[in-house]
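The structure file protein14.txt is reproduced below (compact mmCIF, C-alpha atoms).
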```txt
# COMPACT_ATOMS: atom_id res chain seq x y z
CA MET E 1 30.57 25.62 -131.32
CA GLY E 2 29.17 26.00 -127.79
CA ARG E 3 25.60 25.15 -126.99
CA ILE E 4 23.00 27.60 -125.78
CA LYS E 5 19.75 27.02 -123.95
CA LEU E 6 16.62 27.57 -126.02
CA SER E 7 15.26 30.00 -123.43
CA THR E 8 18.49 32.02 -123.58
CA PHE E 9 18.37 32.11 -127.39
CA VAL E 10 14.80 33.42 -127.34
CA ALA E 11 15.55 35.99 -124.61
CA LEU E 12 18.61 37.39 -126.39
CA THR E 13 17.49 37.34 -130.04
CA MET E 14 13.68 37.32 -130.37
CA ASP E 15 11.38 40.20 -129.40
CA VAL E 16 8.49 38.12 -128.07
CA ALA E 17 7.62 40.48 -125.21
CA SER E 18 7.31 43.96 -126.77
CA ALA E 19 7.02 43.84 -130.58
CA SER E 20 3.68 43.27 -132.32
CA PRO E 21 3.60 40.52 -134.97
CA ARG E 22 2.84 41.31 -138.61
CA ARG E 23 -0.20 40.18 -140.60
CA TYR E 24 1.71 37.25 -142.12
CA PHE E 25 2.25 35.89 -138.58
CA PHE E 26 -1.52 35.43 -138.24
CA GLU E 27 -1.76 33.77 -141.62
CA ILE E 28 0.88 31.21 -140.71
CA MET E 29 -0.71 30.67 -137.28
CA SER E 30 -3.98 29.72 -138.98
CA HIS E 31 -2.27 26.71 -140.58
CA PHE E 32 -1.26 25.35 -137.19
CA ALA E 33 -4.50 26.02 -135.28
CA THR E 34 -6.33 22.84 -134.26
CA ALA E 35 -9.43 24.58 -132.87
CA GLU E 36 -11.76 25.48 -135.73
CA HIS E 37 -12.97 28.78 -134.22
CA GLU E 38 -9.37 29.94 -133.74
CA LYS E 39 -8.46 28.94 -137.29
CA GLU E 40 -11.40 30.93 -138.67
CA ARG E 41 -10.53 34.00 -136.62
CA LEU E 42 -6.88 33.88 -137.68
CA GLN E 43 -7.85 33.49 -141.34
CA TYR E 44 -10.17 36.49 -140.98
CA PHE E 45 -7.40 38.60 -139.44
CA ALA E 46 -5.09 37.65 -142.32
CA SER E 47 -7.69 38.56 -144.97
CA PRO E 48 -8.22 41.99 -146.59
CA GLU E 49 -11.68 42.11 -144.96
CA GLY E 50 -10.19 41.69 -141.50
CA ARG E 51 -7.49 44.33 -141.84
CA ASP E 52 -9.22 46.97 -139.69
CA ASP E 53 -10.13 44.50 -136.95
CA LEU E 54 -6.56 43.18 -136.94
CA TYR E 55 -5.27 46.71 -136.51
CA GLN E 56 -7.60 47.28 -133.54
CA TYR E 57 -6.66 43.94 -131.94
CA ASN E 58 -2.94 43.95 -132.68
CA GLN E 59 -1.17 47.21 -133.47
CA LYS E 60 -3.44 49.62 -131.60
CA GLU E 61 -3.26 47.50 -128.45
CA SER E 62 0.50 46.90 -128.90
CA ARG E 63 -0.14 43.19 -128.49
CA THR E 64 3.03 41.12 -128.26
CA VAL E 65 3.94 37.80 -129.88
CA LEU E 66 3.55 36.05 -126.52
CA GLU E 67 0.11 37.57 -125.93
CA VAL E 68 -1.10 36.57 -129.40
CA LEU E 69 0.08 32.99 -128.88
CA GLU E 70 -1.70 32.93 -125.49
CA ASP E 71 -4.93 34.16 -127.12
CA PHE E 72 -4.82 31.22 -129.56
CA PRO E 73 -3.81 28.25 -127.38
CA SER E 74 -4.59 25.61 -130.00
CA VAL E 75 -1.79 26.94 -132.23
CA HIS E 76 1.36 24.83 -132.00
CA MET E 77 3.72 26.60 -134.36
CA PRO E 78 7.01 24.80 -135.10
CA PHE E 79 9.97 26.64 -133.63
CA GLU E 80 11.63 27.13 -137.01
CA TRP E 81 8.57 29.12 -138.13
CA LEU E 82 8.51 31.09 -134.90
CA VAL E 83 12.17 32.09 -135.32
CA GLN E 84 11.53 33.36 -138.85
CA LEU E 85 8.35 35.29 -138.06
CA THR E 86 9.15 36.86 -134.68
CA PRO E 87 10.69 40.35 -134.95
CA PRO E 88 14.36 40.32 -133.93
CA LEU E 89 15.30 41.92 -130.63
CA LYS E 90 16.73 45.33 -131.54
CA LYS E 91 19.53 47.14 -129.81
CA ARG E 92 18.46 50.20 -127.84
CA ALA E 93 20.63 53.29 -128.30
CA PHE E 94 21.10 55.86 -125.53
CA SER E 95 23.21 59.01 -125.48
CA ILE E 96 26.05 58.92 -122.96
CA SER E 97 25.33 61.55 -120.31
CA SER E 98 28.66 61.64 -118.51
CA SER E 99 32.09 63.09 -119.25
CA PRO E 100 34.92 60.58 -119.84
CA LEU E 101 37.25 63.20 -118.34
CA VAL E 102 35.29 63.21 -115.06
CA HIS E 103 34.25 59.54 -115.06
CA PRO E 104 36.93 57.68 -117.06
CA ASN E 105 35.71 54.23 -115.99
CA GLN E 106 31.98 54.83 -116.06
CA ILE E 107 29.17 55.42 -118.53
CA HIS E 108 26.09 57.28 -117.29
CA LEU E 109 22.79 56.99 -119.17
CA THR E 110 19.57 58.98 -118.96
CA VAL E 111 16.72 56.54 -119.61
CA SER E 112 13.04 57.40 -119.62
CA ILE E 113 10.99 54.50 -118.22
CA VAL E 114 8.44 53.89 -120.97
CA SER E 115 4.88 53.09 -119.87
CA TRP E 116 1.51 53.86 -121.43
CA LEU E 117 -2.13 52.77 -121.58
CA THR E 118 -3.71 51.29 -124.70
CA PRO E 119 -7.21 52.31 -125.87
CA PHE E 120 -8.59 49.40 -123.78
CA LYS E 121 -6.64 50.62 -120.70
CA ARG E 122 -4.05 47.86 -120.84
CA THR E 123 -0.69 48.91 -119.39
CA ARG E 124 2.22 48.63 -121.80
CA GLN E 125 5.86 49.01 -120.78
CA GLY E 126 9.08 49.49 -122.65
CA LEU E 127 11.17 46.32 -122.76
CA CYS E 128 14.66 47.73 -122.17
CA SER E 129 13.81 50.65 -119.89
CA THR E 130 11.65 48.46 -117.63
CA TRP E 131 14.41 45.84 -117.41
CA LEU E 132 17.01 48.47 -116.53
CA ALA E 133 14.72 50.03 -113.93
CA GLY E 134 14.26 46.63 -112.30
CA LEU E 135 17.97 46.04 -111.70
CA SER E 136 19.22 46.41 -108.14
CA PRO E 137 22.15 48.84 -107.68
CA ASN E 138 23.19 46.74 -104.68
CA GLU E 139 23.82 43.68 -106.82
CA GLU E 140 26.38 43.00 -109.52
CA ASN E 141 24.63 43.06 -112.91
CA LEU E 142 26.00 42.09 -116.29
CA ILE E 143 24.57 44.48 -118.90
CA PRO E 144 25.39 43.72 -122.55
CA CYS E 145 26.30 47.01 -124.21
CA TRP E 146 28.21 48.56 -127.07
CA VAL E 147 29.67 52.01 -127.63
CA HIS E 148 29.96 53.75 -130.97
CA LYS E 149 30.53 57.25 -132.24
CA GLY E 150 27.46 59.45 -131.89
CA SER E 151 26.14 62.13 -134.22
CA LEU E 152 27.04 65.03 -131.88
CA PRO E 153 30.76 65.80 -132.28
CA PRO E 154 32.40 66.83 -128.98
CA PRO E 155 33.14 70.58 -129.08
CA LYS E 156 36.51 72.16 -128.42
CA PRO E 157 36.76 74.07 -125.11
CA SER E 158 37.27 77.35 -126.97
CA ILE E 159 33.96 77.17 -128.89
CA PRO E 160 30.89 78.86 -127.31
CA LEU E 161 27.82 76.61 -127.25
CA VAL E 162 24.07 76.91 -127.60
CA LEU E 163 22.58 73.67 -126.30
CA ILE E 164 18.88 72.84 -126.68
CA GLY E 165 17.75 69.61 -125.03
CA PRO E 166 14.21 69.19 -123.67
CA GLY E 167 13.34 66.04 -121.74
CA THR E 168 15.88 63.25 -122.06
CA GLY E 169 17.44 65.34 -124.83
CA CYS E 170 19.48 66.85 -121.99
CA ALA E 171 21.50 63.60 -121.73
CA PRO E 172 24.41 64.43 -124.07
CA PHE E 173 24.51 68.00 -122.74
CA ARG E 174 24.99 66.83 -119.18
CA ALA E 175 28.17 65.24 -120.56
CA PHE E 176 29.09 68.46 -122.41
CA VAL E 177 28.61 70.65 -119.33
CA GLU E 178 30.42 68.21 -117.05
CA GLU E 179 33.34 68.03 -119.48
CA ARG E 180 33.60 71.78 -119.89
CA ALA E 181 33.44 72.33 -116.12
CA ALA E 182 36.41 69.98 -115.73
CA GLN E 183 38.27 71.72 -118.56
CA SER E 184 37.63 75.16 -117.06
CA ALA E 185 39.54 74.16 -113.94
CA ARG E 186 42.77 73.98 -115.94
CA GLU E 187 42.27 76.20 -119.02
CA SER E 188 40.17 79.03 -120.41
CA THR E 189 36.83 77.87 -121.82
CA ALA E 190 34.01 79.47 -123.80
CA PRO E 191 30.50 80.05 -122.33
CA ILE E 192 27.43 77.84 -122.73
CA LEU E 193 23.78 78.74 -123.15
CA PHE E 194 21.58 75.77 -122.29
CA PHE E 195 17.82 75.59 -122.94
CA PHE E 196 16.05 72.76 -121.13
CA GLY E 197 12.37 71.91 -121.14
CA CYS E 198 10.01 69.54 -119.36
CA ARG E 199 6.35 69.31 -118.36
CA ASN E 200 6.51 70.13 -114.64
CA GLU E 201 9.20 71.50 -112.38
CA ASP E 202 8.25 69.18 -109.53
CA ASN E 203 8.06 65.95 -111.55
CA ASP E 204 10.30 66.16 -114.63
CA PHE E 205 13.17 68.53 -113.87
CA LEU E 206 15.98 66.10 -114.72
CA TYR E 207 19.35 66.81 -113.06
CA LYS E 208 17.94 69.97 -111.47
CA ASP E 209 20.71 70.29 -108.86
CA PHE E 210 23.40 69.64 -111.46
CA TRP E 211 22.24 72.44 -113.79
CA LEU E 212 21.66 74.94 -110.99
CA LYS E 213 25.09 74.22 -109.53
CA HIS E 214 26.80 75.03 -112.84
CA ALA E 215 24.61 78.12 -113.34
CA GLN E 216 25.81 79.71 -110.08
CA ASP E 217 28.84 81.91 -109.33
CA LYS E 218 31.46 81.21 -111.98
CA GLY E 219 29.98 77.98 -113.29
CA VAL E 220 30.09 77.22 -117.01
CA LEU E 221 26.35 78.01 -117.28
CA SER E 222 26.49 81.18 -115.19
CA LEU E 223 25.51 84.59 -116.49
CA LYS E 224 28.76 85.97 -115.00
CA GLU E 225 30.73 83.79 -117.41
CA GLY E 226 28.62 84.80 -120.41
CA GLY E 227 26.49 81.67 -120.32
CA GLY E 228 22.99 80.95 -119.11
CA PHE E 229 20.53 78.25 -118.11
CA PHE E 230 16.91 78.68 -119.18
CA VAL E 231 14.06 76.28 -118.45
CA ALA E 232 10.63 75.92 -120.05
CA PHE E 233 8.02 74.15 -117.90
CA SER E 234 5.34 73.46 -120.47
CA ARG E 235 2.50 72.49 -118.08
CA ASP E 236 3.11 74.68 -115.02
CA GLN E 237 0.94 77.55 -116.32
CA PRO E 238 -2.25 77.85 -118.41
CA GLN E 239 -0.30 78.65 -121.59
CA LYS E 240 2.17 76.02 -122.76
CA VAL E 241 5.79 77.19 -122.81
CA TYR E 242 8.45 75.30 -124.75
CA VAL E 243 12.19 75.70 -125.35
CA GLN E 244 11.57 77.62 -128.59
CA HIS E 245 9.74 80.29 -126.57
CA LYS E 246 12.71 80.61 -124.21
CA ILE E 247 15.06 80.94 -127.18
CA LYS E 248 13.01 83.89 -128.45
CA GLU E 249 12.91 85.44 -124.97
CA GLN E 250 16.70 85.28 -124.83
CA SER E 251 17.17 86.41 -128.42
CA ALA E 252 19.82 89.02 -127.52
CA ARG E 253 21.95 86.47 -125.66
CA VAL E 254 21.51 83.91 -128.43
CA TRP E 255 22.47 86.41 -131.11
CA ASN E 256 25.51 87.67 -129.21
CA ILE E 257 26.88 84.19 -128.62
CA LEU E 258 26.24 83.21 -132.26
CA CYS E 259 28.20 86.28 -133.34
CA SER E 260 31.09 85.09 -131.21
CA GLY E 261 31.30 81.85 -133.20
CA ALA E 262 29.04 79.55 -131.20
CA ALA E 263 28.06 76.06 -132.27
CA ILE E 264 24.44 74.91 -131.90
CA TYR E 265 23.47 71.47 -130.64
CA VAL E 266 19.89 70.15 -130.50
CA ALA E 267 18.85 66.80 -128.99
CA GLY E 268 15.55 65.17 -128.09
CA SER E 269 12.27 63.99 -129.58
CA SER E 270 12.04 63.75 -133.36
CA THR E 271 8.45 65.01 -133.50
CA LYS E 272 7.85 68.78 -133.80
CA MET E 273 10.66 69.97 -131.53
CA PRO E 274 13.59 70.14 -134.01
CA ALA E 275 11.55 72.09 -136.59
CA ASP E 276 10.13 74.45 -133.95
CA VAL E 277 13.59 75.10 -132.50
CA THR E 278 15.08 75.70 -135.94
CA ALA E 279 12.27 78.17 -136.73
CA ALA E 280 12.93 80.00 -133.44
CA LEU E 281 16.65 80.27 -134.22
CA GLU E 282 15.87 81.57 -137.71
CA GLU E 283 13.56 84.20 -136.23
CA VAL E 284 16.26 85.37 -133.82
CA ILE E 285 18.79 85.65 -136.65
CA ARG E 286 16.33 87.56 -138.87
CA GLN E 287 15.33 89.99 -136.12
CA LYS E 288 18.80 90.65 -134.75
CA GLY E 289 20.96 90.28 -137.79
CA GLY E 290 18.69 91.11 -140.68
CA GLU E 291 20.25 88.26 -142.62
CA ALA E 292 18.85 85.30 -144.51
CA ALA E 293 18.33 83.08 -141.48
CA SER E 294 18.22 79.73 -143.24
CA GLY E 295 21.44 80.63 -145.05
CA TRP E 296 23.15 81.39 -141.74
CA LEU E 297 22.15 78.03 -140.28
CA ARG E 298 23.19 76.21 -143.46
CA LYS E 299 26.64 77.79 -143.18
CA LEU E 300 26.87 76.62 -139.58
CA GLU E 301 25.80 73.14 -140.61
CA ARG E 302 28.40 72.96 -143.38
CA ALA E 303 31.02 74.06 -140.85
CA GLY E 304 29.96 71.29 -138.46
CA LYS E 305 28.53 73.80 -135.98
CA PHE E 306 24.81 73.04 -136.23
CA ASN E 307 24.15 69.49 -135.05
CA ILE E 308 20.85 67.72 -134.36
CA GLU E 309 20.38 64.31 -132.74
CA THR E 310 16.80 63.09 -132.39
CA TRP E 311 14.96 59.88 -131.63
CA SER E 312 11.37 58.64 -131.73
```
So that I can check it, write out the structure of this file as structure tokens.
Amino acid sequence: MGRIKLSTFVALTMDVASASPRRYFFEIMSHFATAEHEKERLQYFASPEGRDDLYQYNQKESRTVLEVLEDFPSVHMPFEWLVQLTPPLKKRAFSISSSPLVHPNQIHLTVSIVSWLTPFKRTRQGLCSTWLAGLSPNEENLIPCWVHKGSLPPPKPSIPLVLIGPGTGCAPFRAFVEERAAQSARESTAPILFFFGCRNEDNDFLYKDFWLKHAQDKGVLSLKEGGGFFVAFSRDQPQKVYVQHKIKEQSARVWNILCSGAAIYVAGSSTKMPADVTAALEEVIRQKGGEAASGWLRKLERAGKFNIETWS
């Protein structure tokens, strides 16, 4: 068996720079603290009485394993304990946002660079997204990756599509649109309605030129071809506007394409968006078709034509 440097082992397997340790980590630390005031504080954090203060210090501030160890310098925890107690470094999953037909030897990703402020105004950054953003495109970089089957089945060219992908939820649909555009050059393809949403047109309009290009003339998102591209800018006016509002505005188009056998795909944040979008689709079906809306969507789901992929 080959040897590996300790620093490499930690970097590749242990999440010391983004994950917050659990309560038990503080309890074990207290046994290895040589400074009495640090030992007492760690024991307090590990006790039922110190639970709220531990939450404020640790979870709410997104404090990392490294930061906690730095705050208690007298703690010299044996490495075998550190390995067991440090959260493992998790794989990060991203939707592929490019067509294998158009880019057979490439994989494009749409990655939001994660950054936020804690209650005490400490800047926190996502581990993977920050690392990716720091790579130089002018240098050769080795990026460990894996590819597996996603939860959004690729549609046949003959199936009309209703795509709903606010924010980075647009990633898989960039691949869908790119693929269908390539297919349309050699065979007849069905139209696509795409609903995209973001906060501001000037700051968050991901792939703006790409969408507008395919919405013009005889592009796969063009009105001439029976498709459409509709954008909700939630913060560009006093009243917030989201993709579900655009779906209702385009209820006639949505209903017509559903009647022609369209499949529905939804991707994006797992918070309120999927439920709000589903409710908007149900309202369109009720108003236009007078049918039991939830029953219609359940039939589509059973037929593999109502697919949702979300992430937190």
Original post:
Near segment 45-60 of chain E, counting only C-alpha atoms, which residues have an atom at most 10 Å away, once you skip same-chain residues fewer than 4 positions from it, shown as a ChimeraX atom specification?
Top reply: /E:19-30,39-41,64-65,67-68,118-120
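The space between atom CA of Leu132 of chain E and atom CA of Ile113 of chain E spans 8.7 Å.
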Subject >> Residues near Ala280 of chain E, cut-off 9 Å, only C-alpha atoms, skip fewer than 6 positions along chain, as a VMD selection string >> reply: chain E and resid 244 to 245 247 to 248
**OP:** Choose the residue, out of E:Cys170, E:Ala133, E:Ile4, E:Leu221, that has the smallest atom-to-atom separation from Thr189 of chain E; count all atoms listed in the file.
**Re:**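 Closest residue, counting all atoms listed in the file: E:Leu221.
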**OP:** Would you please work out which residue, of E:Ser158, E:Phe32, E:Glu283, E:Val243, is nearest to Ser260 of chain E when using only C-alpha atoms?
**Re:** E:Ser158
Subject >> Pro274 of chain E surroundings by all atoms listed in the file, 12 Å radius, close-in-sequence under 4 positions cut, as a list in words >> reply: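 Selected residues are Ile164, Gly165, Pro166, Gly169, Tyr242, Val243, Gln244, Tyr265, Val266, Ala267, Gly268, Ser269, Ser270, Thr278, Ala279, Ala280, Leu281, Phe306, Asn307, Ile308, Glu309, Thr310, Trp311 and Ser312 of chain E.
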**OP:** Write out as a ChimeraX atom specification which residues come within 6 Å of segment 87-96 of chain E when counting all atoms listed in the file, dropping same-chain ones fewer than 3 positions away.
**Re:** /E:13-15,108-109,172
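Computed from the coordinates, the atom CA of Trp255 of chain E to atom CA of Ser222 of chain E distance equals 17.2 Å.
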Subject >> Pairwise distance for atom CA of Lys213 of chain E and atom CA of Gln250 of chain E, rounded to one decimal in Å >> reply: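 Straight-line distance from atom CA of Lys213 of chain E to atom CA of Gln250 of chain E works out to 20.7 Å.
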Return the padded bounding box of segment 299-303 of chain E as lines of an AutoDock Vina configuration file: axis-aligned, built from all atoms listed in the file, 3 Å added on each side, with centre and edge lengths in Å to one decimal.
```
center_x = 28.4
center_y = 75.4
center_z = -141.5
size_x = 11.2
size_y = 10.8
size_z = 9.8
```
Subject >> Shell of 7 Å around Ala232 of chain E, all atoms listed in the file, local chain residues under 4 positions omitted, as a PyMOL selection string >> reply: chain E and resi 196-198+241-243+246
I need the residues from that last selection saved to file as a compact mmCIF listing (two decimals), in the coordinates of the input (with C-alpha atoms), if you can.
```txt
# COMPACT_ATOMS: atom_id res chain seq x y z
CA PHE E 196 16.05 72.76 -121.13
CA GLY E 197 12.37 71.91 -121.14
CA CYS E 198 10.01 69.54 -119.36
CA VAL E 241 5.79 77.19 -122.81
CA TYR E 242 8.45 75.30 -124.75
CA VAL E 243 12.19 75.70 -125.35
CA LYS E 246 12.71 80.61 -124.21
```
**OP:** Would you please work out which residue, of E:Arg186, E:Pro154, E:Gln239, E:Val177, is nearest to Ala215 of chain E when using all atoms listed in the file?
**Re:** E:Val177
Original post:
Taking all atoms listed in the file into account, which of E:Met273, E:Leu69, E:Pro137, E:Trp131 comes nearest Thr86 of chain E?
Top reply: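 So, comparing all the options, the nearest one is E:Leu69.
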Original post:
Which residue out of E:Val277, E:Leu161, E:Ile107, E:Ile257 has the minimum interatomic distance to Val147 of chain E when all atoms listed in the file are used?
Top reply: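 Among the listed residues, E:Ile107 lies closest to Val147 of chain E.
Among the candidate residues E:Ser188, E:Gln287, E:Ser234, E:Gln125, the one lying nearest to Val254 of chain E is E:Gln287, with distances computed using all atoms listed in the file.
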